[in-house]
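File shown: model-v5.cif (mmCIF, C-alpha atoms).
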data_structure
#
loop_
_atom_site.label_atom_id
_atom_site.label_comp_id
_atom_site.auth_asym_id
_atom_site.auth_seq_id
_atom_site.Cartn_x
_atom_site.Cartn_y
_atom_site.Cartn_z
CA MET A 395 72.46 122.23 -2.29
CA LEU A 396 72.86 124.90 -4.96
CA ALA A 397 69.54 126.44 -3.96
CA VAL A 398 70.73 126.62 -0.36
CA THR A 399 73.94 128.29 -1.51
CA LEU A 400 72.03 130.89 -3.51
CA TYR A 401 69.79 131.60 -0.52
CA PHE A 402 72.84 132.11 1.69
CA LEU A 403 74.42 134.50 -0.81
CA LEU A 404 71.25 136.55 -1.02
CA ALA A 405 70.93 136.63 2.76
CA ILE A 406 74.41 137.96 3.44
CA ALA A 407 74.17 140.38 0.52
CA THR A 408 70.96 141.83 1.97
CA GLN A 409 72.78 142.50 5.23
CA GLY A 410 75.50 144.35 3.35
CA ALA A 411 78.16 141.78 4.13
CA LEU A 412 79.17 141.15 0.53
CA SER A 413 80.67 143.85 -1.63
CA ARG A 414 79.42 144.03 -5.22
CA SER A 415 82.59 142.46 -6.56
CA ALA A 416 82.55 139.70 -3.95
CA LEU A 417 78.89 138.93 -4.56
CA SER A 418 79.46 138.91 -8.31
CA GLU A 419 82.32 136.43 -7.95
CA ALA A 420 80.28 134.16 -5.69
CA GLU A 421 77.34 134.27 -8.09
CA ASN A 422 79.63 133.45 -11.01
CA ASN A 423 80.95 130.42 -9.13
CA LEU A 424 77.41 129.29 -8.41
CA SER A 425 76.32 129.70 -12.03
CA ALA A 426 79.35 127.77 -13.24
CA ALA A 427 78.64 125.00 -10.74
CA ILE A 428 75.08 124.66 -12.04
CA LEU A 429 76.34 124.32 -15.62
CA LEU A 430 78.96 121.81 -14.53
CA ARG A 431 76.35 119.76 -12.72
CA ASP A 432 74.07 119.54 -15.74
CA GLN A 433 76.90 118.63 -18.10
CA ALA A 434 78.57 116.15 -15.72
CA MET A 435 75.33 114.34 -14.94
CA LYS A 436 74.90 113.66 -18.65
CA GLU A 437 78.47 112.52 -19.29
CA ASN A 438 79.32 110.57 -16.13
CA PRO A 439 76.47 110.42 -13.59
CA ALA A 440 78.27 108.15 -11.09
CA GLN A 441 81.40 110.29 -10.98
CA ALA A 442 79.36 113.49 -10.85
CA SER A 443 77.35 112.18 -7.91
CA GLN A 444 80.52 111.36 -5.97
CA CYS A 445 82.01 114.77 -6.71
CA PHE A 446 78.90 116.71 -5.77
CA GLU A 447 78.52 114.74 -2.56
CA VAL A 448 81.88 116.09 -1.40
CA TYR A 449 81.09 119.58 -2.68
CA THR A 450 77.75 119.57 -0.88
CA LYS A 451 79.40 118.84 2.47
CA GLY A 452 82.03 121.49 1.88
CA ILE A 453 79.66 124.27 0.86
CA ASN A 454 77.24 123.49 3.69
CA ALA A 455 80.11 123.68 6.17
CA ALA A 456 81.25 126.97 4.64
CA ASN A 457 77.72 128.37 4.84
CA GLU A 458 77.36 127.50 8.51
CA LYS A 459 80.86 128.73 9.37
CA TYR A 460 80.55 132.14 7.76
CA GLU A 461 76.92 132.67 8.71
CA THR A 462 78.03 132.19 12.31
CA LYS A 463 80.89 134.66 11.84
CA LEU A 464 78.60 137.18 10.18
CA ASN A 465 76.12 136.94 13.03
CA GLY A 466 79.05 137.47 15.38
CA CYS A 467 79.81 140.78 13.63
CA LEU A 468 76.23 141.93 14.08
CA GLU A 469 76.06 140.78 17.70
CA THR A 470 79.28 142.62 18.54
CA ALA A 471 77.90 145.83 17.04
CA THR A 472 74.67 145.42 19.02
CA THR A 473 76.60 144.81 22.25
CA GLU A 474 78.81 147.86 21.72
CA THR A 475 75.75 150.02 21.01
CA GLU A 476 74.09 148.82 24.21
CA LYS A 477 77.26 149.59 26.18
CA LEU A 478 77.34 153.11 24.74
CA GLU A 479 73.71 153.73 25.64
CA ALA A 480 74.36 152.51 29.19
CA GLU A 481 77.44 154.72 29.41
CA VAL A 482 75.51 157.93 28.67
CA ALA A 483 72.36 156.96 30.58
CA ASP A 484 73.25 159.17 33.57
CA ASP A 485 73.93 162.13 31.28
CA ARG A 486 70.58 161.67 29.60
CA ALA A 487 68.89 161.50 32.99
CA GLN A 488 70.64 164.73 34.07
CA VAL A 489 69.59 166.59 30.92
CA THR A 490 66.04 165.28 31.22
CA ALA A 491 65.77 166.32 34.87
CA ASN A 492 67.08 169.83 34.16
CA GLY A 493 64.76 170.19 31.19
CA GLU A 494 61.74 169.11 33.19
CA SER A 495 62.69 171.50 36.00
CA VAL A 496 62.94 174.45 33.60
CA CYS A 497 59.66 173.56 31.93
CA SER A 498 57.96 173.17 35.31
CA SER A 499 59.02 176.61 36.48
CA TYR A 500 57.68 178.22 33.32
CA GLU A 501 54.50 176.20 33.51
CA GLU A 502 53.90 177.49 37.02
CA CYS A 503 54.26 181.06 35.81
CA SER A 504 51.72 180.53 33.05
CA GLN A 505 49.09 179.88 35.71
CA LYS A 506 49.40 183.35 37.28
CA GLU A 507 46.20 185.38 36.95
CA SER A 508 47.67 188.80 37.61
CA SER A 509 49.77 190.15 34.74
CA SER A 510 52.14 191.69 37.27
CA ASP A 511 52.67 188.33 38.95
CA PHE A 512 52.81 186.64 35.54
CA PHE A 513 55.70 188.70 34.17
CA GLU A 514 57.51 188.86 37.48
CA CYS A 515 57.39 185.07 37.72
CA TYR A 516 58.83 184.66 34.25
CA VAL A 517 61.66 187.06 35.00
CA LYS A 518 62.60 185.10 38.09
CA ALA A 519 62.13 181.74 36.33
CA ALA A 520 64.36 182.82 33.45
CA ASP A 521 67.09 183.91 35.86
CA ALA A 522 66.80 180.70 37.85
CA SER A 523 66.77 178.47 34.80
CA LEU A 524 69.74 180.12 33.09
CA ALA A 525 72.34 177.91 34.78
CA LYS A 526 70.34 174.76 34.09
CA SER A 527 69.82 175.75 30.45
CA LEU A 528 73.54 176.32 29.99
CA ASP A 529 74.25 172.96 31.62
CA ILE A 530 71.76 171.28 29.27
CA GLN A 531 73.44 172.89 26.28
CA THR A 532 76.99 172.03 27.40
CA VAL A 533 76.30 168.41 28.30
CA SER A 534 74.16 167.80 25.20
CA LYS A 535 76.71 169.28 22.81
CA THR A 536 79.61 167.35 24.33
CA LYS A 537 77.77 164.05 24.48
CA MET A 538 76.29 164.49 21.00
CA GLN A 539 79.79 164.73 19.52
CA TYR A 540 81.03 161.78 21.60
CA VAL A 541 78.06 159.53 20.80
CA ASN A 542 78.19 160.30 17.09
CA LEU A 543 81.88 159.44 17.00
CA ARG A 544 81.30 156.17 18.83
CA TYR A 545 78.42 155.27 16.52
CA GLN A 546 80.66 155.86 13.51
CA THR A 547 83.34 153.64 15.05
CA ILE A 548 80.85 150.85 15.76
CA GLU A 549 79.48 151.07 12.21
CA TYR A 550 82.99 150.99 10.73
CA ASP A 551 84.02 148.00 12.84
CA GLN A 552 80.87 146.11 11.86
CA LYS A 553 81.42 146.80 8.17
CA HIS A 554 85.08 145.77 8.38
CA CYS A 555 84.15 142.57 10.21
CA SER A 556 81.42 141.76 7.69
CA ASP A 557 83.74 142.47 4.75
CA GLU A 558 86.38 140.15 6.18
CA CYS A 559 83.71 137.49 6.66
CA SER A 560 82.33 137.78 3.13
CA ASN A 561 85.78 137.85 1.54
CA ALA A 562 86.75 134.70 3.39
CA TYR A 563 83.48 133.05 2.30
CA VAL A 564 84.06 133.93 -1.34
CA LYS A 565 87.64 132.67 -1.11
CA GLU A 566 86.55 129.34 0.35
CA SER A 567 83.62 128.90 -2.02
CA THR A 568 85.97 129.60 -4.94
CA ARG A 569 88.34 126.94 -3.61
CA LEU A 570 85.48 124.46 -3.34
CA TYR A 571 84.35 125.21 -6.88
CA SER A 572 87.89 124.70 -8.14
CA GLU A 573 88.05 121.33 -6.40
CA LEU A 574 84.67 120.37 -7.84
CA ASP A 575 85.78 121.32 -11.32
CA ARG A 576 88.92 119.21 -10.94
CA CYS A 577 86.92 116.29 -9.61
CA LEU A 578 84.43 116.35 -12.48
CA LYS A 579 87.22 116.51 -15.03
CA THR A 580 89.60 113.94 -13.52
CA GLY A 581 87.59 111.89 -11.08
CA VAL A 582 90.00 112.88 -8.31
CA ILE A 583 88.23 114.06 -5.18
CA VAL A 584 90.31 116.69 -3.42
CA THR A 585 89.82 117.36 0.28
CA SER A 586 91.71 120.31 1.70
CA GLU A 587 91.32 122.72 4.57
CA PRO A 588 91.13 126.50 4.10
CA GLU A 589 94.51 128.25 4.28
CA ASP A 590 96.20 124.86 4.18
CA ASP A 591 98.54 124.04 1.32
CA GLU A 592 98.44 120.32 2.04
CA GLU A 593 95.87 118.31 0.13
CA VAL A 594 94.61 114.76 0.44
CA THR A 595 93.46 113.25 -2.83
CA GLU A 596 91.50 110.15 -3.69
CA ASP A 597 91.15 108.76 -7.19
CA TYR A 598 87.70 107.34 -7.91
CA ASN A 599 88.39 106.45 -11.52
#

Structure encoded using structure tokens:
Amino acid sequence: MLAVTLYFLLAIATQGALSRSALSEAENNLSAAILLRDQAMKENPAQASQCFEVYTKGINAANEKYETKLNGCLETATTETEKLEAEVADDRAQVTANGESVCSSYEECSQKESSSDFFECYVKAADASLAKSLDIQTVSKTKMQYVNLRYQTIEYDQKHCSDECSNAYVKESTRLYSELDRCLKTGVIVTSEPEDDEEVTEDYN
């Protein structure tokens, strides 16, 4: 169970979901739990087994719950990015078409054998492509600013969502560790729900 917990912590840390302070606190809880396990198994194996059975269920549930929420943050960011790309698809197509048209007209001029025809073609092509070039510049500049702003918003929302997820995970794992510590010391198994002040206790002494 503790190995699974450590793996989960490393996984969400790699994705940037845990801040340094949050990860440090979670790691401290895990280290303390390992020490408690070793000591408790020596002093009172039966009681320790009962306590860790409850803790195992709780931490596994917390892992699954917050891994799902974290994935939800990432999926939302991916969806929003896809929507943005679809939104500017027509603008990209317009810029691409204008760019290809300008390039085509210049390419045609480059094939002229006569220097007179060559330079005359480029003069006319430059005049004809001026409007399209200005349109390319205007659309690209406007959309570049818009897209960059939207990307920043998506990134911020993802980070905020992930931070909320990791903070909630650390809070719940800390609560579970506190209950485990109490159980190992008193033999009382505490079962409580997150954000719920009511507790149900059972004494296994």

Using only the atoms of stretch 547-565 of chain A listed in the file, plus 4 Å on each side, state the axis-aligned box centre and edge lengths in Å rounded to one decimal, as lines of an AutoDock Vina configuration file.
center_x = 83.6
center_y = 143.2
center_z = 7.2
size_x = 16.2
size_y = 29.0
size_z = 25.1

Requested in this report: Could you tell me how far atom CA of A:Lys459 lies from atom CA of A:Glu474, in Å and to one decimal?
Outcome: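 Taking atom CA of A:Lys459 and atom CA of A:Glu474, their separation equals 22.9 Å.
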
Determine the residue membership of the PyMOL selection byres ((chain A and resi 574) around 8) for the file above and supply it as a PDB file with C-alpha atoms, in the frame of the given file.
ATOM      1  CA  CYS A 445      82.010 114.770  -6.710  1.00  0.00           C
ATOM      2  CA  PHE A 446      78.900 116.710  -5.770  1.00  0.00           C
ATOM      3  CA  TYR A 449      81.090 119.580  -2.680  1.00  0.00           C
ATOM      4  CA  LEU A 570      85.480 124.460  -3.340  1.00  0.00           C
ATOM      5  CA  TYR A 571      84.350 125.210  -6.880  1.00  0.00           C
ATOM      6  CA  SER A 572      87.890 124.700  -8.140  1.00  0.00           C
ATOM      7  CA  GLU A 573      88.050 121.330  -6.400  1.00  0.00           C
ATOM      8  CA  ASP A 575      85.780 121.320 -11.320  1.00  0.00           C
ATOM      9  CA  ARG A 576      88.920 119.210 -10.940  1.00  0.00           C
ATOM     10  CA  CYS A 577      86.920 116.290  -9.610  1.00  0.00           C
ATOM     11  CA  LEU A 578      84.430 116.350 -12.480  1.00  0.00           C
ATOM     12  CA  ILE A 583      88.230 114.060  -5.180  1.00  0.00           C
TER      13      ILE A 583
END

Rounded to one decimal, what separation in Å do you get between atom CA of A:Leu543 and atom CA of A:Thr475?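 Separation between atom CA of A:Leu543 and atom CA of A:Thr475: 11.9 Å.
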
- Item | Residues selected by the PyMOL selection byres ((chain A and resi 486-490) around 9), written as a list in words |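 When the PyMOL selection byres ((chain A and resi 486-490) around 9) is applied to the shown file, the picked residues are Val482, Ala483, Asp484, Asp485, Ala491, Asn492, Gly493, Glu494, Ser495, Lys526, Asp529, Ile530, Gln531, Val533 and Ser534 of chain A.
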